[in-house]
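Participant: I am sharing start-v3.cif, which consists of mmCIF, C-alpha atoms and all ligand atoms:
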```
data_query
#
loop_
_atom_site.group_PDB
_atom_site.id
_atom_site.type_symbol
_atom_site.label_atom_id
_atom_site.label_comp_id
_atom_site.auth_asym_id
_atom_site.auth_seq_id
_atom_site.Cartn_x
_atom_site.Cartn_y
_atom_site.Cartn_z
ATOM 1 C CA MET A 1 -64.900 -49.709 19.804
ATOM 2 C CA SER A 2 -62.879 -51.518 22.394
ATOM 3 C CA LYS A 3 -61.603 -49.947 25.547
ATOM 4 C CA VAL A 4 -57.918 -49.627 26.140
ATOM 5 C CA GLN A 5 -56.668 -52.369 28.398
ATOM 6 C CA SER A 6 -54.924 -51.438 31.551
ATOM 7 C CA PRO A 7 -51.174 -51.260 31.387
ATOM 8 C CA LYS A 8 -49.096 -53.805 33.074
ATOM 9 C CA SER A 9 -45.519 -52.822 32.397
ATOM 10 C CA ASN A 10 -43.505 -50.148 34.083
ATOM 11 C CA ASP A 11 -40.671 -50.263 31.621
ATOM 12 C CA GLY A 12 -40.971 -46.801 30.212
ATOM 13 C CA THR A 13 -41.885 -44.466 32.981
ATOM 14 C CA THR A 14 -41.003 -40.818 32.920
ATOM 15 C CA SER A 15 -38.377 -39.609 35.322
ATOM 16 C CA SER A 16 -41.116 -39.110 37.868
ATOM 17 C CA GLY A 17 -42.525 -42.588 37.211
ATOM 18 C CA THR A 18 -45.894 -41.239 36.192
ATOM 19 C CA TYR A 19 -47.007 -43.424 33.387
ATOM 20 C CA ASN A 20 -47.052 -47.049 32.489
ATOM 21 C CA ARG A 21 -45.883 -47.654 29.001
ATOM 22 C CA ARG A 22 -47.056 -50.362 26.699
ATOM 23 C CA ARG A 23 -46.652 -51.075 23.044
ATOM 24 C CA HIS A 24 -49.446 -50.342 20.650
ATOM 25 C CA ASN A 25 -51.409 -53.411 19.670
ATOM 26 C CA SER A 26 -52.789 -52.676 16.240
ATOM 27 C CA ASP A 27 -55.407 -55.429 16.278
ATOM 28 C CA ARG A 28 -57.500 -54.121 19.102
ATOM 29 C CA GLY A 29 -59.728 -52.273 16.671
ATOM 30 C CA GLN A 30 -59.678 -48.689 17.899
ATOM 31 C CA ALA A 31 -60.848 -46.459 15.112
ATOM 32 C CA HIS A 32 -59.128 -43.442 16.580
ATOM 33 C CA LEU A 33 -55.723 -44.935 17.105
ATOM 34 C CA SER A 34 -53.023 -44.945 14.503
ATOM 35 C CA ARG A 35 -51.406 -48.149 13.436
ATOM 36 C CA ALA A 36 -47.849 -47.114 14.069
ATOM 37 C CA ASP A 37 -45.896 -49.157 16.503
ATOM 38 C CA ILE A 38 -45.680 -46.390 19.009
ATOM 39 C CA GLY A 39 -45.412 -46.402 22.752
ATOM 40 C CA LEU A 40 -48.636 -45.530 24.537
ATOM 41 C CA TRP A 41 -49.017 -44.209 27.992
ATOM 42 C CA THR A 42 -51.998 -44.817 30.165
ATOM 43 C CA LEU A 43 -52.915 -42.478 32.902
ATOM 44 C CA ASP A 44 -53.101 -44.098 36.322
ATOM 45 C CA VAL A 45 -54.126 -41.237 38.498
ATOM 46 C CA GLY A 46 -55.648 -38.395 36.528
ATOM 47 C CA LEU A 47 -55.355 -34.655 36.332
ATOM 48 C CA ALA A 48 -55.246 -32.435 39.418
ATOM 49 C CA VAL A 49 -55.458 -28.671 39.035
ATOM 50 C CA THR A 50 -54.860 -26.947 42.369
ATOM 51 C CA ASP A 51 -55.410 -23.301 43.238
ATOM 52 C CA LEU A 52 -54.166 -21.932 39.920
ATOM 53 C CA ARG A 53 -53.728 -18.186 39.795
ATOM 54 C CA LYS A 54 -52.624 -16.003 36.919
ATOM 55 C CA THR A 55 -52.377 -12.247 36.594
ATOM 56 C CA PHE A 56 -51.312 -10.398 33.453
ATOM 57 C CA SER A 57 -50.138 -6.812 33.202
ATOM 58 C CA SER A 58 -51.578 -4.533 30.588
ATOM 59 C CA PRO A 59 -49.186 -2.281 28.622
ATOM 60 C CA SER A 60 -50.255 0.587 30.911
ATOM 61 C CA GLY A 61 -49.111 -1.444 33.917
ATOM 62 C CA GLU A 62 -52.587 -2.323 35.129
ATOM 63 C CA SER A 63 -52.987 -5.846 36.603
ATOM 64 C CA ILE A 64 -55.506 -8.218 35.033
ATOM 65 C CA GLU A 65 -56.266 -10.960 37.540
ATOM 66 C CA VAL A 66 -57.527 -13.650 35.177
ATOM 67 C CA LEU A 67 -57.497 -16.792 37.341
ATOM 68 C CA ARG A 68 -58.045 -16.409 41.098
ATOM 69 C CA GLY A 69 -57.653 -19.919 42.453
ATOM 70 C CA ILE A 70 -58.870 -22.639 40.101
ATOM 71 C CA SER A 71 -59.081 -26.207 41.403
ATOM 72 C CA PHE A 72 -60.593 -29.316 39.851
ATOM 73 C CA SER A 73 -59.634 -32.864 39.033
ATOM 74 C CA ALA A 74 -60.423 -35.240 36.187
ATOM 75 C CA VAL A 75 -59.945 -38.893 35.355
ATOM 76 C CA ALA A 76 -59.182 -40.655 32.095
ATOM 77 C CA GLY A 77 -62.268 -41.129 29.947
ATOM 78 C CA GLU A 78 -63.867 -37.870 31.045
ATOM 79 C CA THR A 79 -64.812 -34.985 28.784
ATOM 80 C CA ILE A 80 -65.002 -31.592 30.430
ATOM 81 C CA ALA A 81 -66.312 -28.384 28.897
ATOM 82 C CA ILE A 82 -64.957 -25.061 30.141
ATOM 83 C CA VAL A 83 -67.483 -22.318 29.461
ATOM 84 C CA GLY A 84 -67.519 -18.625 30.273
ATOM 85 C CA ALA A 85 -67.664 -15.213 28.660
ATOM 86 C CA SER A 86 -65.040 -14.012 26.227
ATOM 87 C CA GLY A 87 -62.026 -12.908 28.278
ATOM 88 C CA ALA A 88 -63.005 -15.093 31.260
ATOM 89 C CA GLY A 89 -59.688 -16.937 31.042
ATOM 90 C CA LYS A 90 -60.571 -20.206 29.278
ATOM 91 C CA SER A 91 -57.561 -20.148 26.935
ATOM 92 C CA THR A 92 -55.297 -19.039 29.773
ATOM 93 C CA LEU A 93 -56.427 -22.012 31.869
ATOM 94 C CA LEU A 94 -55.781 -24.462 29.009
ATOM 95 C CA HIS A 95 -52.332 -22.925 28.432
ATOM 96 C CA LEU A 96 -51.425 -23.441 32.096
ATOM 97 C CA ILE A 97 -52.662 -27.043 32.092
ATOM 98 C CA GLY A 98 -50.767 -27.717 28.871
ATOM 99 C CA GLY A 99 -47.533 -26.221 30.192
ATOM 100 C CA ILE A 100 -47.488 -23.496 27.552
ATOM 101 C CA GLU A 101 -47.466 -20.832 30.244
ATOM 102 C CA GLY A 102 -46.600 -21.025 33.930
ATOM 103 C CA PRO A 103 -48.967 -20.072 36.774
ATOM 104 C CA ASP A 104 -48.182 -17.389 39.358
ATOM 105 C CA HIS A 105 -49.393 -19.767 42.034
ATOM 106 C CA GLY A 106 -50.793 -23.284 42.308
ATOM 107 C CA GLY A 107 -50.061 -26.406 40.361
ATOM 108 C CA VAL A 108 -51.056 -28.866 37.668
ATOM 109 C CA LYS A 109 -50.326 -32.573 37.978
ATOM 110 C CA LEU A 110 -50.935 -35.229 35.364
ATOM 111 C CA GLY A 111 -50.457 -38.489 37.187
ATOM 112 C CA GLU A 112 -47.403 -37.778 39.306
ATOM 113 C CA PHE A 113 -45.942 -35.382 36.742
ATOM 114 C CA ALA A 114 -45.914 -31.856 38.168
ATOM 115 C CA VAL A 115 -46.314 -29.652 35.114
ATOM 116 C CA ASP A 116 -45.593 -26.363 36.877
ATOM 117 C CA SER A 117 -42.251 -27.458 38.320
ATOM 118 C CA ALA A 118 -40.978 -29.450 35.320
ATOM 119 C CA GLY A 119 -37.747 -28.512 33.583
ATOM 120 C CA ARG A 120 -37.684 -27.249 30.010
ATOM 121 C CA LEU A 121 -36.943 -30.623 28.404
ATOM 122 C CA GLU A 122 -39.443 -32.537 30.522
ATOM 123 C CA LEU A 123 -42.025 -29.951 29.642
ATOM 124 C CA ALA A 124 -41.299 -30.211 25.926
ATOM 125 C CA ARG A 125 -41.651 -33.978 26.167
ATOM 126 C CA TYR A 126 -44.909 -33.632 28.118
ATOM 127 C CA ARG A 127 -46.343 -31.326 25.457
ATOM 128 C CA ASN A 128 -45.238 -33.586 22.624
ATOM 129 C CA ARG A 129 -46.141 -36.983 24.080
ATOM 130 C CA GLN A 130 -48.850 -36.550 26.670
ATOM 131 C CA VAL A 131 -50.837 -33.519 25.522
ATOM 132 C CA GLY A 132 -52.746 -32.884 22.320
ATOM 133 C CA PHE A 133 -53.525 -29.205 21.879
ATOM 134 C CA VAL A 134 -56.123 -27.808 19.502
ATOM 135 C CA PHE A 135 -55.405 -24.082 19.520
ATOM 136 C CA GLN A 136 -58.129 -21.475 19.216
ATOM 137 C CA PHE A 137 -56.504 -20.185 16.028
ATOM 138 C CA HIS A 138 -55.256 -23.670 15.110
ATOM 139 C CA HIS A 139 -51.621 -22.597 14.436
ATOM 140 C CA LEU A 140 -51.050 -24.900 11.499
ATOM 141 C CA LEU A 141 -47.879 -24.375 9.501
ATOM 142 C CA PRO A 142 -49.069 -22.616 6.339
ATOM 143 C CA ASP A 143 -46.343 -23.852 4.003
ATOM 144 C CA LEU A 144 -46.997 -27.508 4.787
ATOM 145 C CA THR A 145 -49.747 -29.771 3.507
ATOM 146 C CA ALA A 146 -52.475 -31.075 5.791
ATOM 147 C CA ALA A 147 -50.746 -34.477 6.041
ATOM 148 C CA GLU A 148 -47.376 -32.868 6.780
ATOM 149 C CA ASN A 149 -48.929 -30.797 9.562
ATOM 150 C CA VAL A 150 -50.606 -33.859 11.078
ATOM 151 C CA SER A 151 -47.465 -36.013 10.884
ATOM 152 C CA LEU A 152 -45.257 -33.360 12.479
ATOM 153 C CA PRO A 153 -45.792 -34.408 16.142
ATOM 154 C CA LEU A 154 -44.891 -37.986 15.205
ATOM 155 C CA MET A 155 -41.739 -36.796 13.426
ATOM 156 C CA LEU A 156 -40.824 -34.775 16.528
ATOM 157 C CA ALA A 157 -41.363 -37.948 18.568
ATOM 158 C CA ARG A 158 -38.790 -39.611 16.262
ATOM 159 C CA HIS A 159 -41.082 -41.814 14.214
ATOM 160 C CA ASP A 160 -39.881 -42.623 10.752
ATOM 161 C CA ARG A 161 -41.276 -40.465 8.007
ATOM 162 C CA GLY A 162 -43.053 -43.344 6.214
ATOM 163 C CA SER A 163 -45.154 -44.476 9.158
ATOM 164 C CA ALA A 164 -45.780 -40.892 10.312
ATOM 165 C CA THR A 165 -47.112 -40.017 6.861
ATOM 166 C CA ARG A 166 -49.238 -43.169 6.668
ATOM 167 C CA ASN A 167 -50.749 -42.398 10.067
ATOM 168 C CA ALA A 168 -51.458 -38.828 9.075
ATOM 169 C CA PHE A 169 -53.317 -39.913 5.921
ATOM 170 C CA GLU A 170 -55.363 -42.439 7.930
ATOM 171 C CA ALA A 171 -56.234 -39.856 10.579
ATOM 172 C CA LEU A 172 -57.297 -37.314 7.956
ATOM 173 C CA ASP A 173 -59.353 -39.950 6.204
ATOM 174 C CA ARG A 174 -61.218 -40.675 9.448
ATOM 175 C CA LEU A 175 -62.216 -37.021 9.710
ATOM 176 C CA GLY A 176 -63.357 -36.957 6.082
ATOM 177 C CA LEU A 177 -60.337 -35.065 4.805
ATOM 178 C CA ALA A 178 -58.742 -37.738 2.606
ATOM 179 C CA THR A 179 -59.058 -35.616 -0.513
ATOM 180 C CA ARG A 180 -57.464 -32.634 1.225
ATOM 181 C CA ALA A 181 -54.474 -34.440 2.727
ATOM 182 C CA SER A 182 -51.997 -33.285 0.078
ATOM 183 C CA HIS A 183 -53.237 -29.693 -0.079
ATOM 184 C CA ARG A 184 -51.395 -26.864 1.591
ATOM 185 C CA VAL A 185 -53.409 -25.877 4.638
ATOM 186 C CA THR A 186 -53.786 -22.315 3.371
ATOM 187 C CA ASP A 187 -55.884 -23.760 0.515
ATOM 188 C CA LEU A 188 -58.343 -25.304 2.985
ATOM 189 C CA SER A 189 -61.423 -23.687 4.460
ATOM 190 C CA GLY A 190 -61.367 -22.486 8.079
ATOM 191 C CA GLY A 191 -63.428 -25.481 9.173
ATOM 192 C CA GLU A 192 -61.190 -27.924 7.313
ATOM 193 C CA GLN A 193 -58.130 -26.341 8.909
ATOM 194 C CA GLN A 194 -59.723 -26.832 12.330
ATOM 195 C CA ARG A 195 -60.308 -30.515 11.622
ATOM 196 C CA VAL A 196 -56.678 -30.856 10.511
ATOM 197 C CA ALA A 197 -55.705 -29.276 13.845
ATOM 198 C CA VAL A 198 -57.796 -31.892 15.678
ATOM 199 C CA CYS A 199 -56.091 -34.683 13.692
ATOM 200 C CA ARG A 200 -52.721 -33.219 14.631
ATOM 201 C CA ALA A 201 -53.712 -33.094 18.323
ATOM 202 C CA LEU A 202 -54.815 -36.745 18.395
ATOM 203 C CA ILE A 203 -52.093 -38.273 16.212
ATOM 204 C CA THR A 204 -49.747 -39.076 19.102
ATOM 205 C CA GLN A 205 -52.661 -40.552 21.093
ATOM 206 C CA PRO A 206 -52.209 -38.221 24.050
ATOM 207 C CA VAL A 207 -53.748 -38.941 27.460
ATOM 208 C CA LEU A 208 -54.759 -35.294 27.775
ATOM 209 C CA VAL A 209 -56.436 -33.307 24.993
ATOM 210 C CA LEU A 210 -56.915 -29.561 25.408
ATOM 211 C CA ALA A 211 -59.198 -28.165 22.734
ATOM 212 C CA ASP A 212 -59.710 -24.415 22.565
ATOM 213 C CA GLU A 213 -62.930 -23.618 20.658
ATOM 214 C CA PRO A 214 -62.490 -26.593 18.319
ATOM 215 C CA SER A 215 -65.855 -25.999 16.658
ATOM 216 C CA GLY A 216 -65.378 -22.249 16.270
ATOM 217 C CA ASN A 217 -65.149 -22.265 12.463
ATOM 218 C CA LEU A 218 -67.478 -25.135 11.792
ATOM 219 C CA ASP A 219 -71.097 -25.382 10.705
ATOM 220 C CA SER A 220 -73.293 -27.263 13.167
ATOM 221 C CA ILE A 221 -73.041 -30.621 11.370
ATOM 222 C CA SER A 222 -69.239 -30.531 11.089
ATOM 223 C CA GLY A 223 -69.001 -29.164 14.638
ATOM 224 C CA GLY A 224 -71.145 -32.040 15.890
ATOM 225 C CA LEU A 225 -68.998 -34.608 14.078
ATOM 226 C CA LEU A 226 -65.838 -33.107 15.445
ATOM 227 C CA ALA A 227 -67.235 -33.011 18.983
ATOM 228 C CA GLY A 228 -68.249 -36.647 18.593
ATOM 229 C CA ASP A 229 -64.749 -37.478 17.491
ATOM 230 C CA LEU A 230 -63.172 -35.829 20.543
ATOM 231 C CA ILE A 231 -65.686 -37.437 22.893
ATOM 232 C CA SER A 232 -65.251 -40.928 21.476
ATOM 233 C CA TYR A 233 -61.479 -40.449 21.576
ATOM 234 C CA ALA A 234 -61.749 -39.736 25.324
ATOM 235 C CA THR A 235 -63.618 -42.986 25.892
ATOM 236 C CA ALA A 236 -61.558 -45.138 23.566
ATOM 237 C CA ARG A 237 -58.074 -44.067 24.565
ATOM 238 C CA PRO A 238 -59.081 -43.441 27.455
ATOM 239 C CA ALA A 239 -58.056 -39.814 27.795
ATOM 240 C CA ILE A 240 -59.086 -36.644 29.551
ATOM 241 C CA VAL A 241 -60.509 -34.218 26.995
ATOM 242 C CA ILE A 242 -61.011 -30.614 28.085
ATOM 243 C CA ILE A 243 -62.820 -28.335 25.657
ATOM 244 C CA ALA A 244 -63.076 -24.565 26.058
ATOM 245 C CA THR A 245 -66.156 -23.510 24.164
ATOM 246 C CA HIS A 246 -68.951 -21.009 23.662
ATOM 247 C CA ASN A 247 -70.984 -23.711 21.954
ATOM 248 C CA GLN A 248 -73.750 -24.864 24.321
ATOM 249 C CA ASP A 249 -74.521 -28.009 22.317
ATOM 250 C CA LEU A 250 -70.911 -29.084 22.487
ATOM 251 C CA ALA A 251 -70.691 -28.256 26.215
ATOM 252 C CA HIS A 252 -73.757 -30.332 26.995
ATOM 253 C CA ARG A 253 -72.361 -33.336 25.192
ATOM 254 C CA CYS A 254 -69.449 -33.388 27.634
ATOM 255 C CA ASP A 255 -69.576 -35.340 30.909
ATOM 256 C CA ARG A 256 -69.015 -32.196 32.980
ATOM 257 C CA VAL A 257 -69.385 -28.461 32.458
ATOM 258 C CA LEU A 258 -67.158 -26.063 34.405
ATOM 259 C CA ARG A 259 -68.070 -22.385 34.297
ATOM 260 C CA LEU A 260 -65.314 -19.816 34.553
ATOM 261 C CA GLU A 261 -66.488 -16.491 35.937
ATOM 262 C CA GLN A 262 -64.548 -13.682 37.568
ATOM 263 C CA GLY A 263 -61.477 -15.861 37.872
ATOM 264 C CA ARG A 264 -63.228 -18.715 39.642
ATOM 265 C CA ILE A 265 -64.729 -21.976 38.526
ATOM 266 C CA SER A 266 -68.056 -23.554 39.403
ATOM 267 C CA GLU A 267 -69.537 -26.848 38.342
ATOM 268 C CA ASN A 268 -73.217 -27.486 37.683
HETATM 269 N N1 LIG B 301 -50.232 -12.609 27.455
HETATM 270 C C1 LIG B 301 -51.190 -11.806 27.914
HETATM 271 N N2 LIG B 301 -50.892 -10.553 28.336
HETATM 272 C C2 LIG B 301 -51.828 -9.728 28.835
HETATM 273 N N3 LIG B 301 -53.131 -10.074 28.947
HETATM 274 C C3 LIG B 301 -53.492 -11.303 28.547
HETATM 275 C C4 LIG B 301 -52.553 -12.236 27.999
HETATM 276 N N4 LIG B 301 -53.204 -13.382 27.700
HETATM 277 C C5 LIG B 301 -54.496 -13.168 28.018
HETATM 278 N N5 LIG B 301 -54.663 -11.937 28.529
HETATM 279 C C6 LIG B 301 -55.927 -11.362 29.025
HETATM 280 O O1 LIG B 301 -56.493 -12.309 29.924
HETATM 281 C C7 LIG B 301 -57.912 -12.338 29.780
HETATM 282 C C8 LIG B 301 -58.350 -13.767 29.515
HETATM 283 O O2 LIG B 301 -57.954 -14.135 28.201
HETATM 284 P P1 LIG B 301 -58.295 -15.546 27.582
HETATM 285 O O3 LIG B 301 -57.742 -15.545 26.208
HETATM 286 O O4 LIG B 301 -57.844 -16.588 28.499
HETATM 287 O O5 LIG B 301 -59.898 -15.500 27.568
HETATM 288 P P2 LIG B 301 -60.925 -16.521 26.929
HETATM 289 O O6 LIG B 301 -61.897 -16.898 27.985
HETATM 290 O O7 LIG B 301 -60.200 -17.616 26.260
HETATM 291 O O8 LIG B 301 -61.660 -15.612 25.866
HETATM 292 P P3 LIG B 301 -62.303 -16.016 24.417
HETATM 293 O O9 LIG B 301 -63.608 -16.700 24.731
HETATM 294 O O10 LIG B 301 -62.512 -14.701 23.763
HETATM 295 O O11 LIG B 301 -61.333 -16.874 23.700
HETATM 296 C C9 LIG B 301 -58.248 -11.355 28.689
HETATM 297 O O12 LIG B 301 -58.623 -10.141 29.300
HETATM 298 C C10 LIG B 301 -56.960 -11.204 27.929
HETATM 299 O O13 LIG B 301 -56.859 -9.930 27.341
HETATM 300 MG MG MG B 302 -59.948 -18.192 24.297
#
```
Would you give me this structure, written as structure tokens?

Facilitator:
Amino acid sequence: MSKVQSPKSNDGTTSSGTYNRRRHNSDRGQAHLSRADIGLWTLDVGLAVTDLRKTFSSPSGESIEVLRGISFSAVAGETIAIVGASGAGKSTLLHLIGGIEGPDHGGVKLGEFAVDSAGRLELARYRNRQVGFVFQFHHLLPDLTAAENVSLPLMLARHDRGSATRNAFEALDRLGLATRASHRVTDLSGGEQQRVAVCRALITQPVLVLADEPSGNLDSISGGLLAGDLISYATARPAIVIIATHNQDLAHRCDRVLRLEQGRISEN
């Protein structure tokens, strides 16, 4: 699998000038990339998470201090596992990095793009174009087929329906779901739904993938395949892939393991 070449044009930067944009070159042989003629962004600088803090209030008014100053950085091509007990704040951390929730303090930067201070539209664009999210409970749309779910981010990014659908079928085929592509997702098993969610996260070829327990519903063989897929995506794109997981095998396949405990992070 070839490595993505470094970008040389600055023609499509974001308002903050974060990314270099280049056109997709379908003959470079990347198994994980779709063949649509879509704009790709490469990440020049990396991800910087600085002193993130988040406190929730319980219905009784009690404060739950979930993150108490989380800092780390990552570069494209790296896979990072976030481990820690249930309730340690793994999902919360991914939500803050992905711009789904805002921190009380601290910041997240992808390249020069400051996620925490972005406006609503910039944030929506960031989530659609730069981030691929695999949610803990996958959040697929139940009335749509697997292929329709996978093609949705491309449709939102204004790709034409034909190429979006073609890409979705190819992506599902790569994860062994060709025969399930036209089924409604509610007819699929939990594990199959999770793989559809991974396809959906990767379909726009994001530079940052945030996967929340992606192997939660899978048997060990399927979980291993899916982990391999995320890891090889990180290398091929190249992208930063962050995986929150309780699965030790999956964590140890990542380049780095960050442990979240009592609101703080440590690295082995
Ligand atoms: N919106 C919210 N309002 C109040 N409390 C919240 C909210 N979101 C998360 N929490 C609390 O924050 C803590 C961390 O939750 P989080 O989902 O991040 O944990 P986690 O490490 O992902 O756990 P798991 O391994 O079970 O998925 C939990 O105590 C949870 O109840
Ligand atoms: Mg969680």

Participant: Rounded to one decimal in Å, what is the spacing between atom CA of Ala168 of chain A and atom CA of His246 of chain A?

Facilitator: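 The value is 28.9 Å.
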
Participant: What separation in Å, quoted to one decimal, exists between atom CA of Asp143 of chain A and atom O2 of ligand LIG 301 (chain B)?

Facilitator: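 One can read the atom CA of Asp143 of chain A to atom O2 of ligand LIG 301 (chain B) distance as 28.5 Å.
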
Participant: In the coordinate frame of the file, compute which residues have an atom within 10 Å of (-61.7, -42.2, 34.4) when using all atoms listed in the file, and state them as a ChimeraX atom specification.

Facilitator: /A:43-46,74-79,234-235,238-240

Participant: Give as a list in words the residues that the PyMOL selection byres (((chain A and resi 250) around 10) and not hetatm) matches when applied to the coordinates above.

Facilitator: Ala81, Glu213, Pro214, Ser215, Ser220, Gly223, Gly224, Leu226, Ala227, Gly228, Ile231, Ile243, Ala244, Thr245, His246, Asn247, Gln248, Asp249, Ala251, His252, Arg253 and Cys254 of chain A

Participant: Under the PyMOL selection byres (((chain A and resi 264) around 12) and not hetatm), which residues of this model are included? Write them out as a VMD selection string.

Facilitator: chain A and resid 51 to 54 65 to 72 82 to 84 88 to 90 93 258 to 263 265 to 267

Participant: Could you give me, as a Markdown table, every chain A residue with an atom at most 7 Å from ligand MG 302 (chain B), plus its closest atom pair and distance in Å to one decimal, counting all atoms listed in the file, rows ordered by chain then number?

Facilitator:
```
| residue | atom | partner | partner_atom | distance |
| --- | --- | --- | --- | --- |
| A:Ser86 | CA | B:MG302 | MG | 6.9 |
| A:Gly87 | CA | B:MG302 | MG | 6.9 |
| A:Gly89 | CA | B:MG302 | MG | 6.9 |
| A:Lys90 | CA | B:MG302 | MG | 5.4 |
| A:Ser91 | CA | B:MG302 | MG | 4.1 |
| A:Gln136 | CA | B:MG302 | MG | 6.3 |
| A:Asp212 | CA | B:MG302 | MG | 6.5 |
```

Participant: Mind giving me the straight-line distance from atom CA of Val209 of chain A to atom CA of Ser57 of chain A in Å, one decimal?

Facilitator: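 Distance reported for this atom pair: 28.4 Å.
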
Participant: Residue by residue, what does the PyMOL selection byres (((chain A and resi 126) around 12) and not hetatm) grab here? Present the result as a ChimeraX atom specification.

Facilitator: /A:14-16,18-19,41,97-100,109-111,113-116,118-125,127-133,157,204,206-209

Participant: Tell me which of A:Thr92, A:Ser60, A:Ser73, A:Thr55 sits closest to ligand LIG 301 (chain B), counting only C-alpha atoms and all ligand atoms.

Facilitator: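 Closest to ligand LIG 301 (chain B), using only C-alpha atoms and all ligand atoms: A:Thr92.
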
Participant: Could you give me, as number ranges by chain, the residues that sit within 12 Å of (-55.4, -33.9, 0.8) in the file's coordinates, counting all atoms listed in the file?

Facilitator: A: 144-150, 165, 168-173, 175-188, 192-193, 196

Participant: Write a file of the just-selected residues containing C-alpha atoms, as a JSON list (two decimals), in the frame of the given file.

Facilitator:
```json
[["chain", "number", "residue", "atom", "x", "y", "z"],
["A", 144, "LEU", "CA", -47.00, -27.51, 4.79],
["A", 145, "THR", "CA", -49.75, -29.77, 3.51],
["A", 146, "ALA", "CA", -52.48, -31.08, 5.79],
["A", 147, "ALA", "CA", -50.75, -34.48, 6.04],
["A", 148, "GLU", "CA", -47.38, -32.87, 6.78],
["A", 149, "ASN", "CA", -48.93, -30.80, 9.56],
["A", 150, "VAL", "CA", -50.61, -33.86, 11.08],
["A", 165, "THR", "CA", -47.11, -40.02, 6.86],
["A", 168, "ALA", "CA", -51.46, -38.83, 9.07],
["A", 169, "PHE", "CA", -53.32, -39.91, 5.92],
["A", 170, "GLU", "CA", -55.36, -42.44, 7.93],
["A", 171, "ALA", "CA", -56.23, -39.86, 10.58],
["A", 172, "LEU", "CA", -57.30, -37.31, 7.96],
["A", 173, "ASP", "CA", -59.35, -39.95, 6.20],
["A", 175, "LEU", "CA", -62.22, -37.02, 9.71],
["A", 176, "GLY", "CA", -63.36, -36.96, 6.08],
["A", 177, "LEU", "CA", -60.34, -35.06, 4.80],
["A", 178, "ALA", "CA", -58.74, -37.74, 2.61],
["A", 179, "THR", "CA", -59.06, -35.62, -0.51],
["A", 180, "ARG", "CA", -57.46, -32.63, 1.23],
["A", 181, "ALA", "CA", -54.47, -34.44, 2.73],
["A", 182, "SER", "CA", -52.00, -33.28, 0.08],
["A", 183, "HIS", "CA", -53.24, -29.69, -0.08],
["A", 184, "ARG", "CA", -51.40, -26.86, 1.59],
["A", 185, "VAL", "CA", -53.41, -25.88, 4.64],
["A", 186, "THR", "CA", -53.79, -22.32, 3.37],
["A", 187, "ASP", "CA", -55.88, -23.76, 0.52],
["A", 188, "LEU", "CA", -58.34, -25.30, 2.98],
["A", 192, "GLU", "CA", -61.19, -27.92, 7.31],
["A", 193, "GLN", "CA", -58.13, -26.34, 8.91],
["A", 196, "VAL", "CA", -56.68, -30.86, 10.51]]
```

Participant: Which residue gives the smallest distance to ligand LIG 301 (chain B) among A:Val257, A:Ala211, A:Gly107, A:Val198, with all atoms listed in the file counted?

Facilitator: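 Closest to ligand LIG 301 (chain B), using all atoms listed in the file: A:Ala211.
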
Participant: Set the distance at 8 Å and use all atoms listed in the file: which residues neighbour Gly191 of chain A once local chain neighbours fewer than 5 positions away are removed? I'd like the list as a list in words.

Facilitator: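 Those residues are Ser215, Asn217, Leu218, Asp219 and Ser222 of chain A.
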